[in-house]
Each structure stands twice: as structure tokens, then as C-alpha cells.
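Student: Just one file: target_16.pdb, with PDB, C-alpha atoms.
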```pdb
ATOM      1  CA  MET A  31     -47.397  20.792  18.244
ATOM      2  CA  PRO A  32     -47.081  23.385  21.027
ATOM      3  CA  GLY A  33     -44.039  25.610  20.607
ATOM      4  CA  VAL A  34     -43.535  24.873  16.883
ATOM      5  CA  ALA A  35     -45.089  26.775  13.971
ATOM      6  CA  VAL A  36     -45.344  25.966  10.265
ATOM      7  CA  ALA A  37     -46.312  28.245   7.380
ATOM      8  CA  PHE A  38     -46.233  28.588   3.604
ATOM      9  CA  THR A  39     -45.791  31.938   1.895
ATOM     10  CA  ASP A  40     -47.464  33.032  -1.359
ATOM     11  CA  ILE A  41     -46.969  35.791  -3.911
ATOM     12  CA  ARG A  42     -47.823  38.445  -1.299
ATOM     13  CA  ALA A  43     -44.464  37.729   0.340
ATOM     14  CA  GLY A  44     -42.784  37.913  -3.067
ATOM     15  CA  ASN A  45     -39.964  35.867  -4.516
ATOM     16  CA  LEU A  46     -37.693  34.489  -1.763
ATOM     17  CA  ALA A  47     -35.069  32.841  -3.988
ATOM     18  CA  LEU A  48     -31.680  34.265  -4.877
ATOM     19  CA  HIS A  49     -31.134  31.975  -7.884
ATOM     20  CA  VAL A  50     -33.863  33.412 -10.130
ATOM     21  CA  LYS A  51     -33.831  36.673 -12.091
ATOM     22  CA  ASP A  52     -34.360  39.131  -9.243
ATOM     23  CA  ASN A  53     -32.460  41.795  -7.359
ATOM     24  CA  ALA A  54     -30.597  40.147  -4.468
ATOM     25  CA  SER A  55     -31.169  43.092  -2.125
ATOM     26  CA  ASP A  56     -34.921  42.881  -2.775
ATOM     27  CA  VAL A  57     -34.908  39.152  -2.030
ATOM     28  CA  LEU A  58     -33.003  39.652   1.235
ATOM     29  CA  ARG A  59     -35.416  42.436   2.234
ATOM     30  CA  ARG A  60     -38.370  40.120   1.619
ATOM     31  CA  ARG A  61     -36.747  37.361   3.670
ATOM     32  CA  LEU A  62     -36.292  39.824   6.521
ATOM     33  CA  GLU A  63     -39.949  40.828   6.261
ATOM     34  CA  VAL A  64     -40.981  37.168   6.485
ATOM     35  CA  GLU A  65     -38.793  36.712   9.580
ATOM     36  CA  GLU A  66     -40.326  39.797  11.174
ATOM     37  CA  ALA A  67     -43.827  38.513  10.397
ATOM     38  CA  ALA A  68     -42.951  35.144  11.961
ATOM     39  CA  GLY A  69     -41.540  36.896  15.035
ATOM     40  CA  ILE A  70     -38.260  34.974  15.051
ATOM     41  CA  ALA A  71     -35.782  37.895  15.050
ATOM     42  CA  PRO A  72     -32.865  38.042  15.705
ATOM     43  CA  ARG A  73     -32.871  34.456  14.378
ATOM     44  CA  THR A  74     -33.105  33.914  10.619
ATOM     45  CA  PHE A  75     -34.527  31.158   8.453
ATOM     46  CA  GLN A  76     -31.903  28.783   7.057
ATOM     47  CA  TYR A  77     -32.407  28.542   3.299
ATOM     48  CA  LEU A  78     -30.683  25.898   1.174
ATOM     49  CA  ASN A  79     -28.976  25.773  -2.194
ATOM     50  CA  GLN A  80     -31.351  23.157  -3.619
ATOM     51  CA  VAL A  81     -30.091  20.816  -6.351
ATOM     52  CA  HIS A  82     -32.785  18.089  -6.606
ATOM     53  CA  GLY A  83     -30.717  15.613  -4.573
ATOM     54  CA  ASN A  84     -31.346  13.748  -1.321
ATOM     55  CA  THR A  85     -28.715  15.250   0.982
ATOM     56  CA  VAL A  86     -30.046  16.188   4.431
ATOM     57  CA  ALA A  87     -28.255  19.051   6.192
ATOM     58  CA  SER A  88     -28.052  19.309   9.979
ATOM     59  CA  VAL A  89     -28.581  22.941  10.953
ATOM     60  CA  ASP A  90     -28.117  24.699  14.271
ATOM     61  CA  ILE A  91     -28.390  28.292  15.471
ATOM     62  CA  GLY A  92     -25.427  30.187  14.067
ATOM     63  CA  THR A  93     -24.783  27.858  11.132
ATOM     64  CA  GLN A  94     -22.874  29.909   8.564
ATOM     65  CA  GLY A  95     -22.415  29.806   4.808
ATOM     66  CA  VAL A  96     -24.332  28.359   1.886
ATOM     67  CA  ILE A  97     -25.617  24.835   2.472
ATOM     68  CA  THR A  98     -26.168  22.684  -0.615
ATOM     69  CA  ALA A  99     -28.881  20.165   0.218
ATOM     70  CA  ASP A 100     -32.527  19.387  -0.470
ATOM     71  CA  ALA A 101     -33.587  18.677   3.086
ATOM     72  CA  SER A 102     -32.686  19.992   6.519
ATOM     73  CA  VAL A 103     -33.169  19.045  10.146
ATOM     74  CA  SER A 104     -32.730  21.022  13.364
ATOM     75  CA  GLU A 105     -33.809  21.214  16.981
ATOM     76  CA  SER A 106     -33.240  24.953  17.230
ATOM     77  CA  ALA A 107     -32.779  26.810  13.928
ATOM     78  CA  PRO A 108     -35.747  28.092  11.880
ATOM     79  CA  LEU A 109     -35.818  26.239   8.547
ATOM     80  CA  ALA A 110     -36.993  27.187   5.044
ATOM     81  CA  ILE A 111     -37.486  25.283   1.800
ATOM     82  CA  MET A 112     -38.246  26.952  -1.570
ATOM     83  CA  VAL A 113     -40.471  25.697  -4.385
ATOM     84  CA  ALA A 114     -42.547  26.705  -7.388
ATOM     85  CA  ASP A 115     -44.206  23.334  -8.255
ATOM     86  CA  CYS A 116     -42.207  20.766  -6.240
ATOM     87  CA  ILE A 117     -43.555  19.708  -2.842
ATOM     88  CA  PRO A 118     -42.352  21.761   0.145
ATOM     89  CA  VAL A 119     -42.452  19.181   2.948
ATOM     90  CA  LEU A 120     -42.347  20.366   6.560
ATOM     91  CA  LEU A 121     -41.747  17.844   9.339
ATOM     92  CA  VAL A 122     -42.171  18.126  13.098
ATOM     93  CA  GLY A 123     -41.122  15.293  15.360
ATOM     94  CA  VAL A 124     -41.666  14.835  19.082
ATOM     95  CA  LYS A 125     -38.999  13.216  21.262
ATOM     96  CA  GLU A 126     -39.665  11.075  24.319
ATOM     97  CA  ASN A 127     -38.700  14.001  26.571
ATOM     98  CA  GLY A 128     -41.262  16.222  24.839
ATOM     99  CA  GLY A 129     -38.720  18.175  22.805
ATOM    100  CA  ALA A 130     -39.183  18.895  19.120
ATOM    101  CA  VAL A 131     -37.170  18.099  16.014
ATOM    102  CA  MET A 132     -37.937  20.051  12.848
ATOM    103  CA  GLY A 133     -37.262  19.187   9.220
ATOM    104  CA  THR A 134     -37.825  20.231   5.622
ATOM    105  CA  ALA A 135     -37.603  18.508   2.257
ATOM    106  CA  HIS A 136     -37.716  19.719  -1.355
ATOM    107  CA  ALA A 137     -39.513  16.923  -3.181
ATOM    108  CA  GLY A 138     -39.785  17.279  -6.937
ATOM    109  CA  ARG A 139     -39.690  14.384  -9.376
ATOM    110  CA  PRO A 140     -35.946  13.710  -8.793
ATOM    111  CA  GLY A 141     -36.403  14.056  -5.037
ATOM    112  CA  ILE A 142     -39.255  11.549  -4.988
ATOM    113  CA  LEU A 143     -37.114   9.106  -6.981
ATOM    114  CA  ASN A 144     -34.018   9.771  -4.838
ATOM    115  CA  GLY A 145     -35.917   9.299  -1.581
ATOM    116  CA  VAL A 146     -35.354  12.757  -0.113
ATOM    117  CA  ILE A 147     -38.500  12.465   2.029
ATOM    118  CA  PRO A 148     -37.542   9.128   3.674
ATOM    119  CA  ALA A 149     -34.011  10.493   4.129
ATOM    120  CA  ALA A 150     -35.319  13.529   6.012
ATOM    121  CA  VAL A 151     -37.583  11.355   8.178
ATOM    122  CA  HIS A 152     -34.616   9.104   8.965
ATOM    123  CA  HIS A 153     -32.599  12.102  10.193
ATOM    124  CA  LEU A 154     -35.456  13.231  12.448
ATOM    125  CA  ARG A 155     -35.584   9.753  13.981
ATOM    126  CA  GLU A 156     -31.806   9.805  14.448
ATOM    127  CA  ARG A 157     -32.329  12.975  16.475
ATOM    128  CA  GLY A 158     -34.781  11.138  18.718
ATOM    129  CA  ALA A 159     -38.174  11.810  17.113
ATOM    130  CA  VAL A 160     -40.613   9.050  18.056
ATOM    131  CA  SER A 161     -43.711  10.646  16.503
ATOM    132  CA  ILE A 162     -43.606  12.732  13.315
ATOM    133  CA  ARG A 163     -46.203  14.804  11.476
ATOM    134  CA  ALA A 164     -45.832  16.246   7.984
ATOM    135  CA  TRP A 165     -47.265  19.263   6.192
ATOM    136  CA  LEU A 166     -47.210  19.018   2.382
ATOM    137  CA  GLY A 167     -47.344  22.520   1.007
ATOM    138  CA  PRO A 168     -48.747  23.646  -2.342
ATOM    139  CA  SER A 169     -47.351  21.751  -5.338
ATOM    140  CA  ILE A 170     -48.405  20.812  -8.834
ATOM    141  CA  CYS A 171     -51.082  18.131  -8.721
ATOM    142  CA  GLY A 172     -51.489  14.894 -10.634
ATOM    143  CA  ARG A 173     -54.184  16.438 -12.834
ATOM    144  CA  CYS A 174     -51.741  19.101 -14.098
ATOM    145  CA  TYR A 175     -48.205  17.664 -14.108
ATOM    146  CA  GLU A 176     -48.042  16.464 -17.699
ATOM    147  CA  VAL A 177     -44.994  14.405 -18.683
ATOM    148  CA  PRO A 178     -44.025  12.157 -21.609
ATOM    149  CA  ASP A 179     -45.449   8.650 -21.406
ATOM    150  CA  GLU A 180     -41.978   7.091 -21.117
ATOM    151  CA  LEU A 181     -41.119   9.354 -18.173
ATOM    152  CA  ARG A 182     -44.340   8.461 -16.370
ATOM    153  CA  ALA A 183     -43.548   4.780 -16.860
ATOM    154  CA  ALA A 184     -39.964   5.173 -15.653
ATOM    155  CA  VAL A 185     -40.936   7.012 -12.464
ATOM    156  CA  ALA A 186     -43.878   4.718 -11.732
ATOM    157  CA  GLU A 187     -41.602   1.704 -12.034
ATOM    158  CA  THR A 188     -39.879   2.913  -8.857
ATOM    159  CA  VAL A 189     -42.822   4.727  -7.216
ATOM    160  CA  PRO A 190     -46.101   3.255  -8.585
ATOM    161  CA  GLU A 191     -48.182   5.773  -6.623
ATOM    162  CA  SER A 192     -46.880   8.537  -8.898
ATOM    163  CA  TRP A 193     -48.769   7.237 -11.969
ATOM    164  CA  SER A 194     -51.438   9.706 -13.067
ATOM    165  CA  THR A 195     -53.345  11.202 -15.987
ATOM    166  CA  THR A 196     -53.998  14.894 -16.582
ATOM    167  CA  SER A 197     -57.506  16.308 -16.569
ATOM    168  CA  TRP A 198     -57.190  16.504 -20.373
ATOM    169  CA  GLY A 199     -56.233  12.839 -20.721
ATOM    170  CA  THR A 200     -52.439  12.832 -21.178
ATOM    171  CA  PRO A 201     -49.699  11.089 -19.114
ATOM    172  CA  ALA A 202     -48.918  12.735 -15.796
ATOM    173  CA  LEU A 203     -47.175  12.265 -12.463
ATOM    174  CA  ASP A 204     -48.845  12.708  -9.075
ATOM    175  CA  LEU A 205     -46.029  13.847  -6.808
ATOM    176  CA  PRO A 206     -48.261  14.527  -3.766
ATOM    177  CA  ALA A 207     -49.651  10.974  -3.920
ATOM    178  CA  ALA A 208     -46.103   9.607  -4.140
ATOM    179  CA  GLY A 209     -44.956  11.776  -1.260
ATOM    180  CA  LYS A 210     -47.875  10.733   0.933
ATOM    181  CA  TYR A 211     -47.118   7.092   0.215
ATOM    182  CA  GLN A 212     -43.465   7.529   1.202
ATOM    183  CA  LEU A 213     -44.483   9.294   4.404
ATOM    184  CA  ALA A 214     -47.039   6.628   5.301
ATOM    185  CA  LYS A 215     -44.472   3.918   4.670
ATOM    186  CA  ALA A 216     -42.125   5.749   7.060
ATOM    187  CA  GLY A 217     -44.839   5.936   9.733
ATOM    188  CA  VAL A 218     -45.442   9.674   9.381
ATOM    189  CA  THR A 219     -48.896  11.250   9.710
ATOM    190  CA  VAL A 220     -49.816  13.854   7.072
ATOM    191  CA  ALA A 221     -51.464  16.812   8.804
ATOM    192  CA  TYR A 222     -51.990  19.010   5.747
ATOM    193  CA  GLU A 223     -51.846  18.954   1.946
ATOM    194  CA  GLY A 224     -51.813  22.239   0.031
ATOM    195  CA  PRO A 225     -53.503  23.184  -3.244
ATOM    196  CA  CYS A 226     -52.135  22.857  -6.773
ATOM    197  CA  THR A 227     -49.639  25.574  -7.663
ATOM    198  CA  LEU A 228     -50.592  25.619 -11.346
ATOM    199  CA  GLU A 229     -54.290  26.014 -10.529
ATOM    200  CA  THR A 230     -53.782  28.682  -7.829
ATOM    201  CA  PRO A 231     -53.016  32.193  -9.142
ATOM    202  CA  ASN A 232     -51.525  33.508  -5.888
ATOM    203  CA  LEU A 233     -48.769  30.868  -5.901
ATOM    204  CA  PHE A 234     -45.627  30.738  -8.019
ATOM    205  CA  SER A 235     -45.632  27.948 -10.618
ATOM    206  CA  TYR A 236     -42.706  27.063 -12.863
ATOM    207  CA  ARG A 237     -45.048  25.263 -15.249
ATOM    208  CA  ARG A 238     -47.123  28.442 -15.587
ATOM    209  CA  ALA A 239     -44.084  30.723 -16.116
ATOM    210  CA  ALA A 240     -40.507  29.454 -16.314
ATOM    211  CA  ASP A 241     -39.068  32.751 -15.037
ATOM    212  CA  THR A 242     -41.245  32.739 -11.933
ATOM    213  CA  GLY A 243     -40.152  33.300  -8.327
ATOM    214  CA  ARG A 244     -40.184  30.854  -5.435
ATOM    215  CA  PHE A 245     -42.355  30.706  -2.335
ATOM    216  CA  ALA A 246     -41.263  29.014   0.879
ATOM    217  CA  GLY A 247     -42.285  26.441   3.419
ATOM    218  CA  LEU A 248     -41.222  27.531   6.911
ATOM    219  CA  VAL A 249     -40.935  25.738  10.250
ATOM    220  CA  TRP A 250     -39.647  27.232  13.494
ATOM    221  CA  ASN A 251     -39.897  26.936  17.250
ATOM    222  CA  ASN A 252     -41.099  29.738  19.482
ATOM    223  CA  ASP A 253     -38.880  28.913  22.482
TER     224      ASP A 253
END
```
Mind converting the file's structure to C-alpha cells?

Tutor:
Amino acid sequence: MPGVAVAFTDIRAGNLALHVKDNASDVLRRRLEVEEAAGIAPRTFQYLNQVHGNTVASVDIGTQGVITADASVSESAPLAIMVADCIPVLLVGVKENGGAVMGTAHAGRPGILNGVIPAAVHHLRERGAVSIRAWLGPSICGRCYEVPDELRAAVAETVPESWSTTSWGTPALDLPAAGKYQLAKAGVTVAYEGPCTLETPNLFSYRRAADTGRFAGLVWNND
């Protein structure tokens, strides 16, 4: 929508997470470079301490300190969500007065089960969003996310749309399909779905390398 931008970084921006094996000063420098590229200075992106839950944090310009949550919502502050196989969900809602409400969600297997996406959508609606669009960034696809058969059955019991089979014929979960179902059920239009992280060399993937970095989904307003 006019006045709001969304983007997903890749390995060219480098690792943007402080919780992996990396030099903190290098991570903060990269975050600054991303903010300069987005043209949001002196504002900064609000990153989260992500724990695979369904807590939604309300963020405003000037919010201080570490926020532990797996989703965020704001009408003013630039937002970021970090992933390396989970779905980085970006949300933009339009209010009746034409204003925008922005949101993010970190939707891995626990997040899909815990309903982090519907929770984030609910918070956007509480802020007055009457029409919402979603961008699903790069994440591991249903052809690649191999899991034990009992885990596939347990997840699919709650979210049947997650049931999948790998391209080599073993049990799998399709998180993007599950996420799209949850968004559709919440009345949200999906504007974009990114490629598979495992199949795309210029994206970080935890399944490809457990000590990998994290890329980010970003949403901000240009007002």
C-alpha cells in the first residue's frame, strides 16, 4: 500500500541475529547498513527475542529494551522478524481513515501450532485494520521439511493443511500451506510467497547448516 514498504534480506546483507555465533558489533553494523539502505534513519528496525511462542508485542517509536515475542504490531515503528527456515510473515492493514497498521510474525512449526499468525492478525484488527494483506517470505517448503511420521501426524491433527511428503517420499510438513490457510481463515489476502530456503543458496537455512545466520523480513512506513 502507498506509504508502506516490505522487504526480505538475503545473505548479501549478512547475518542479522545476535543469538547465533557471530560478533555482536558486526551484527549491529549490518543492521545499521540495512536501515540505511531502507532509508529509515534515524529510526531503527525493532527486532525481537524470538522464542517460538505466540506473544504479540505492541511497538511504538522509541520503544526501548529487548522484547521477547514472536510477533509485533505498530502504526509507526519499523519492524523486523528473523528466520532461517521458519516463515517470516509481514502484515499491512488499512484502517477506515486510510492509515496503516503494520505487523510481523515468526511462524515455524511451534508458531503454526500456537496460532501466532492469527494472533498477529487479531492485534492488527484491534488497532483498526479493516483490510489486511500478507507477505510470506522465504521458508522451507513442504517438499523439503522432513519430519518423523508421528510428528507429521501430530501437527496435522491440529492443522491438516500442514500434511506433506518430501520430494524423496518421506513424511514432511508444509508450513507455508498451513500459514496460508490460517491467513485465509482470518480473511487476509496473501500478496506474496517466497522461495524455499533450503533450495535457495543465497538464503540462510538451518536445515542446510545448523550454525547458519538469520535473514530478516522488514516492514516500515515512509511517512

Student: List the spatial neighbours of A:Pro225 as a ChimeraX atom specification - criterion: any atom at most 12 Å away, only C-alpha atoms, same-chain residues fewer than 2 positions off excluded.

Tutor: /A:38,40,115-118,165-174,206,222-223,227-235

Student: Applied to the shown file, which residues does the PyMOL selection byres ((chain A and resi 39) around 8) return, written as JSON, numbers by chain?

Tutor: {"A": [37, 38, 40, 41, 42, 43, 245, 246, 247]}

Student: Build an axis-aligned box that encloses every atom of stretch 89-108 of chain A listed in the file, pad it by 5 Å on each side, and report its centre and edge lengths in Å to one decimal, as lines of an AutoDock Vina configuration file.

Tutor:
```
center_x = -29.1
center_y = 24.4
center_z = 8.3
size_x = 23.3
size_y = 21.5
size_z = 27.8
```

Student: I'd like to know which of A:Val89, A:Ala183, A:Ala207, A:Val50 is closest to A:Val131, using only C-alpha atoms.

Tutor: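 Checking each candidate against A:Val131, we get A:Val89 as the closest.
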
Student: Give me, as a Markdown table, the closest atom pair and its distance (Å, one decimal) for every residue of stretch 110-200 of chain A within a cut-off of 7 Å of stretch 76-86 of chain A, counting all atoms listed in the file, rows sorted by chain and rising number.

Tutor:
```
| residue | atom | partner | partner_atom | distance |
| --- | --- | --- | --- | --- |
| A:Ala110 | CA | A:Tyr77 | CA | 5.1 |
| A:Ile111 | CA | A:Tyr77 | CA | 6.2 |
| A:Pro140 | CA | A:His82 | CA | 5.8 |
| A:Gly141 | CA | A:His82 | CA | 5.6 |
| A:Asn144 | CA | A:Asn84 | CA | 5.9 |
| A:Gly145 | CA | A:Asn84 | CA | 6.4 |
| A:Val146 | CA | A:Asn84 | CA | 4.3 |
| A:Ala149 | CA | A:Asn84 | CA | 6.9 |
| A:Ala150 | CA | A:Val86 | CA | 6.1 |
```

Student: How would you write, as a compact mmCIF listing (two decimals) with C-alpha atoms, in the frame of the given file, the residues chosen by the PyMOL selection byres ((chain A and resi 63) around 12) on this structure?

Tutor:
```
# COMPACT_ATOMS: atom_id res chain seq x y z
CA THR A 39 -45.79 31.94 1.90
CA ARG A 42 -47.82 38.44 -1.30
CA ALA A 43 -44.46 37.73 0.34
CA GLY A 44 -42.78 37.91 -3.07
CA ASN A 45 -39.96 35.87 -4.52
CA LEU A 46 -37.69 34.49 -1.76
CA ASP A 56 -34.92 42.88 -2.78
CA VAL A 57 -34.91 39.15 -2.03
CA LEU A 58 -33.00 39.65 1.24
CA ARG A 59 -35.42 42.44 2.23
CA ARG A 60 -38.37 40.12 1.62
CA ARG A 61 -36.75 37.36 3.67
CA LEU A 62 -36.29 39.82 6.52
CA VAL A 64 -40.98 37.17 6.48
CA GLU A 65 -38.79 36.71 9.58
CA GLU A 66 -40.33 39.80 11.17
CA ALA A 67 -43.83 38.51 10.40
CA ALA A 68 -42.95 35.14 11.96
CA GLY A 69 -41.54 36.90 15.04
CA ILE A 70 -38.26 34.97 15.05
CA ALA A 71 -35.78 37.90 15.05
CA THR A 74 -33.10 33.91 10.62
CA PHE A 75 -34.53 31.16 8.45
```

Student: Given only C-alpha atoms as the basis, pick out the residue of A:Ala164, A:Ala54, A:Ala208, A:Leu109 nearest to A:Val122.

Tutor: A:Ala164

Student: To one decimal place in Å, what is the distance between atom CA of A:Gly138 and atom CA of A:Arg73?

Tutor: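 Separation between atom CA of A:Gly138 and atom CA of A:Arg73: 28.2 Å.
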
Student: If you measure from atom CA of A:Arg157 to atom CA of A:Ala99, what distance in Å do you get, rounded to one decimal?

Tutor: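 Taking atom CA of A:Arg157 and atom CA of A:Ala99, their separation equals 18.1 Å.
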
Student: Return as a PyMOL selection string the set of residues that the PyMOL selection byres ((chain A and resi 130) around 12) yields on the displayed structure.

Tutor: chain A and resi 31-35+103-107+121-129+131-133+154-155+157-163+249-253

Student: Enter the distance from atom CA of A:His152 to atom CA of A:Ala214, in Å, rounded to one decimal.

Tutor: 13.2 Å

Student: Kindly complete stretch 124-154 of chain A to N, CA and C atoms; the output should be written as a PDB file, keeping the file's coordinate frame.

Tutor:
```pdb
ATOM      1  N   VAL A 124     -41.664  14.705  17.621  1.00  0.00           N
ATOM      2  CA  VAL A 124     -41.666  14.835  19.082  1.00  0.00           C
ATOM      3  C   VAL A 124     -40.776  13.759  19.676  1.00  0.00           C
ATOM      4  N   LYS A 125     -39.885  14.152  20.593  1.00  0.00           N
ATOM      5  CA  LYS A 125     -38.999  13.216  21.262  1.00  0.00           C
ATOM      6  C   LYS A 125     -39.658  12.704  22.545  1.00  0.00           C
ATOM      7  N   GLU A 126     -39.097  11.658  23.104  1.00  0.00           N
ATOM      8  CA  GLU A 126     -39.665  11.075  24.319  1.00  0.00           C
ATOM      9  C   GLU A 126     -39.693  12.073  25.471  1.00  0.00           C
ATOM     10  N   ASN A 127     -38.733  13.000  25.498  1.00  0.00           N
ATOM     11  CA  ASN A 127     -38.700  14.001  26.571  1.00  0.00           C
ATOM     12  C   ASN A 127     -39.604  15.194  26.287  1.00  0.00           C
ATOM     13  N   GLY A 128     -40.352  15.137  25.180  1.00  0.00           N
ATOM     14  CA  GLY A 128     -41.262  16.222  24.839  1.00  0.00           C
ATOM     15  C   GLY A 128     -40.664  17.278  23.937  1.00  0.00           C
ATOM     16  N   GLY A 129     -39.377  17.214  23.678  1.00  0.00           N
ATOM     17  CA  GLY A 129     -38.720  18.175  22.805  1.00  0.00           C
ATOM     18  C   GLY A 129     -39.107  17.962  21.353  1.00  0.00           C
ATOM     19  N   ALA A 130     -38.801  18.952  20.527  1.00  0.00           N
ATOM     20  CA  ALA A 130     -39.183  18.895  19.120  1.00  0.00           C
ATOM     21  C   ALA A 130     -37.963  18.809  18.210  1.00  0.00           C
ATOM     22  N   VAL A 131     -38.149  18.138  17.093  1.00  0.00           N
ATOM     23  CA  VAL A 131     -37.170  18.099  16.014  1.00  0.00           C
ATOM     24  C   VAL A 131     -37.887  18.547  14.747  1.00  0.00           C
ATOM     25  N   MET A 132     -37.304  19.495  14.037  1.00  0.00           N
ATOM     26  CA  MET A 132     -37.937  20.051  12.848  1.00  0.00           C
ATOM     27  C   MET A 132     -37.188  19.623  11.590  1.00  0.00           C
ATOM     28  N   GLY A 133     -37.913  19.561  10.468  1.00  0.00           N
ATOM     29  CA  GLY A 133     -37.262  19.187   9.220  1.00  0.00           C
ATOM     30  C   GLY A 133     -37.966  19.769   8.016  1.00  0.00           C
ATOM     31  N   THR A 134     -37.251  19.824   6.900  1.00  0.00           N
ATOM     32  CA  THR A 134     -37.825  20.231   5.622  1.00  0.00           C
ATOM     33  C   THR A 134     -37.341  19.283   4.539  1.00  0.00           C
ATOM     34  N   ALA A 135     -38.065  19.256   3.426  1.00  0.00           N
ATOM     35  CA  ALA A 135     -37.603  18.508   2.257  1.00  0.00           C
ATOM     36  C   ALA A 135     -38.158  19.155   1.001  1.00  0.00           C
ATOM     37  N   HIS A 136     -37.351  19.196  -0.038  1.00  0.00           N
ATOM     38  CA  HIS A 136     -37.716  19.719  -1.355  1.00  0.00           C
ATOM     39  C   HIS A 136     -37.930  18.519  -2.260  1.00  0.00           C
ATOM     40  N   ALA A 137     -39.197  18.186  -2.507  1.00  0.00           N
ATOM     41  CA  ALA A 137     -39.513  16.923  -3.181  1.00  0.00           C
ATOM     42  C   ALA A 137     -40.150  17.163  -4.542  1.00  0.00           C
ATOM     43  N   GLY A 138     -39.316  17.292  -5.564  1.00  0.00           N
ATOM     44  CA  GLY A 138     -39.785  17.279  -6.937  1.00  0.00           C
ATOM     45  C   GLY A 138     -39.688  15.862  -7.477  1.00  0.00           C
ATOM     46  N   ARG A 139     -39.792  15.720  -8.800  1.00  0.00           N
ATOM     47  CA  ARG A 139     -39.690  14.384  -9.376  1.00  0.00           C
ATOM     48  C   ARG A 139     -38.372  13.702  -9.021  1.00  0.00           C
ATOM     49  N   PRO A 140     -37.193  14.380  -9.176  1.00  0.00           N
ATOM     50  CA  PRO A 140     -35.946  13.710  -8.793  1.00  0.00           C
ATOM     51  C   PRO A 140     -35.897  13.384  -7.301  1.00  0.00           C
ATOM     52  N   GLY A 141     -36.423  14.288  -6.471  1.00  0.00           N
ATOM     53  CA  GLY A 141     -36.403  14.056  -5.037  1.00  0.00           C
ATOM     54  C   GLY A 141     -37.246  12.867  -4.625  1.00  0.00           C
ATOM     55  N   ILE A 142     -38.416  12.716  -5.257  1.00  0.00           N
ATOM     56  CA  ILE A 142     -39.255  11.549  -4.988  1.00  0.00           C
ATOM     57  C   ILE A 142     -38.499  10.277  -5.367  1.00  0.00           C
ATOM     58  N   LEU A 143     -37.866  10.285  -6.539  1.00  0.00           N
ATOM     59  CA  LEU A 143     -37.114   9.106  -6.981  1.00  0.00           C
ATOM     60  C   LEU A 143     -35.905   8.840  -6.094  1.00  0.00           C
ATOM     61  N   ASN A 144     -35.235   9.915  -5.654  1.00  0.00           N
ATOM     62  CA  ASN A 144     -34.018   9.771  -4.838  1.00  0.00           C
ATOM     63  C   ASN A 144     -34.296   9.523  -3.363  1.00  0.00           C
ATOM     64  N   GLY A 145     -35.572   9.579  -2.972  1.00  0.00           N
ATOM     65  CA  GLY A 145     -35.917   9.299  -1.581  1.00  0.00           C
ATOM     66  C   GLY A 145     -35.568  10.396  -0.606  1.00  0.00           C
ATOM     67  N   VAL A 146     -35.700  11.668  -1.026  1.00  0.00           N
ATOM     68  CA  VAL A 146     -35.354  12.757  -0.113  1.00  0.00           C
ATOM     69  C   VAL A 146     -36.293  12.809   1.089  1.00  0.00           C
ATOM     70  N   ILE A 147     -37.566  12.437   0.898  1.00  0.00           N
ATOM     71  CA  ILE A 147     -38.500  12.465   2.029  1.00  0.00           C
ATOM     72  C   ILE A 147     -38.143  11.397   3.069  1.00  0.00           C
ATOM     73  N   PRO A 148     -37.974  10.118   2.680  1.00  0.00           N
ATOM     74  CA  PRO A 148     -37.542   9.128   3.674  1.00  0.00           C
ATOM     75  C   PRO A 148     -36.208   9.477   4.322  1.00  0.00           C
ATOM     76  N   ALA A 149     -35.304  10.105   3.562  1.00  0.00           N
ATOM     77  CA  ALA A 149     -34.011  10.493   4.129  1.00  0.00           C
ATOM     78  C   ALA A 149     -34.192  11.530   5.230  1.00  0.00           C
ATOM     79  N   ALA A 150     -35.068  12.515   4.996  1.00  0.00           N
ATOM     80  CA  ALA A 150     -35.319  13.529   6.012  1.00  0.00           C
ATOM     81  C   ALA A 150     -35.959  12.918   7.255  1.00  0.00           C
ATOM     82  N   VAL A 151     -36.931  12.031   7.040  1.00  0.00           N
ATOM     83  CA  VAL A 151     -37.583  11.355   8.178  1.00  0.00           C
ATOM     84  C   VAL A 151     -36.553  10.566   8.983  1.00  0.00           C
ATOM     85  N   HIS A 152     -35.663   9.881   8.293  1.00  0.00           N
ATOM     86  CA  HIS A 152     -34.616   9.104   8.965  1.00  0.00           C
ATOM     87  C   HIS A 152     -33.769  10.001   9.869  1.00  0.00           C
ATOM     88  N   HIS A 153     -33.424  11.185   9.393  1.00  0.00           N
ATOM     89  CA  HIS A 153     -32.599  12.102  10.193  1.00  0.00           C
ATOM     90  C   HIS A 153     -33.363  12.616  11.410  1.00  0.00           C
ATOM     91  N   LEU A 154     -34.680  12.824  11.277  1.00  0.00           N
ATOM     92  CA  LEU A 154     -35.456  13.231  12.448  1.00  0.00           C
ATOM     93  C   LEU A 154     -35.452  12.112  13.489  1.00  0.00           C
TER      94      LEU A 154
END
```
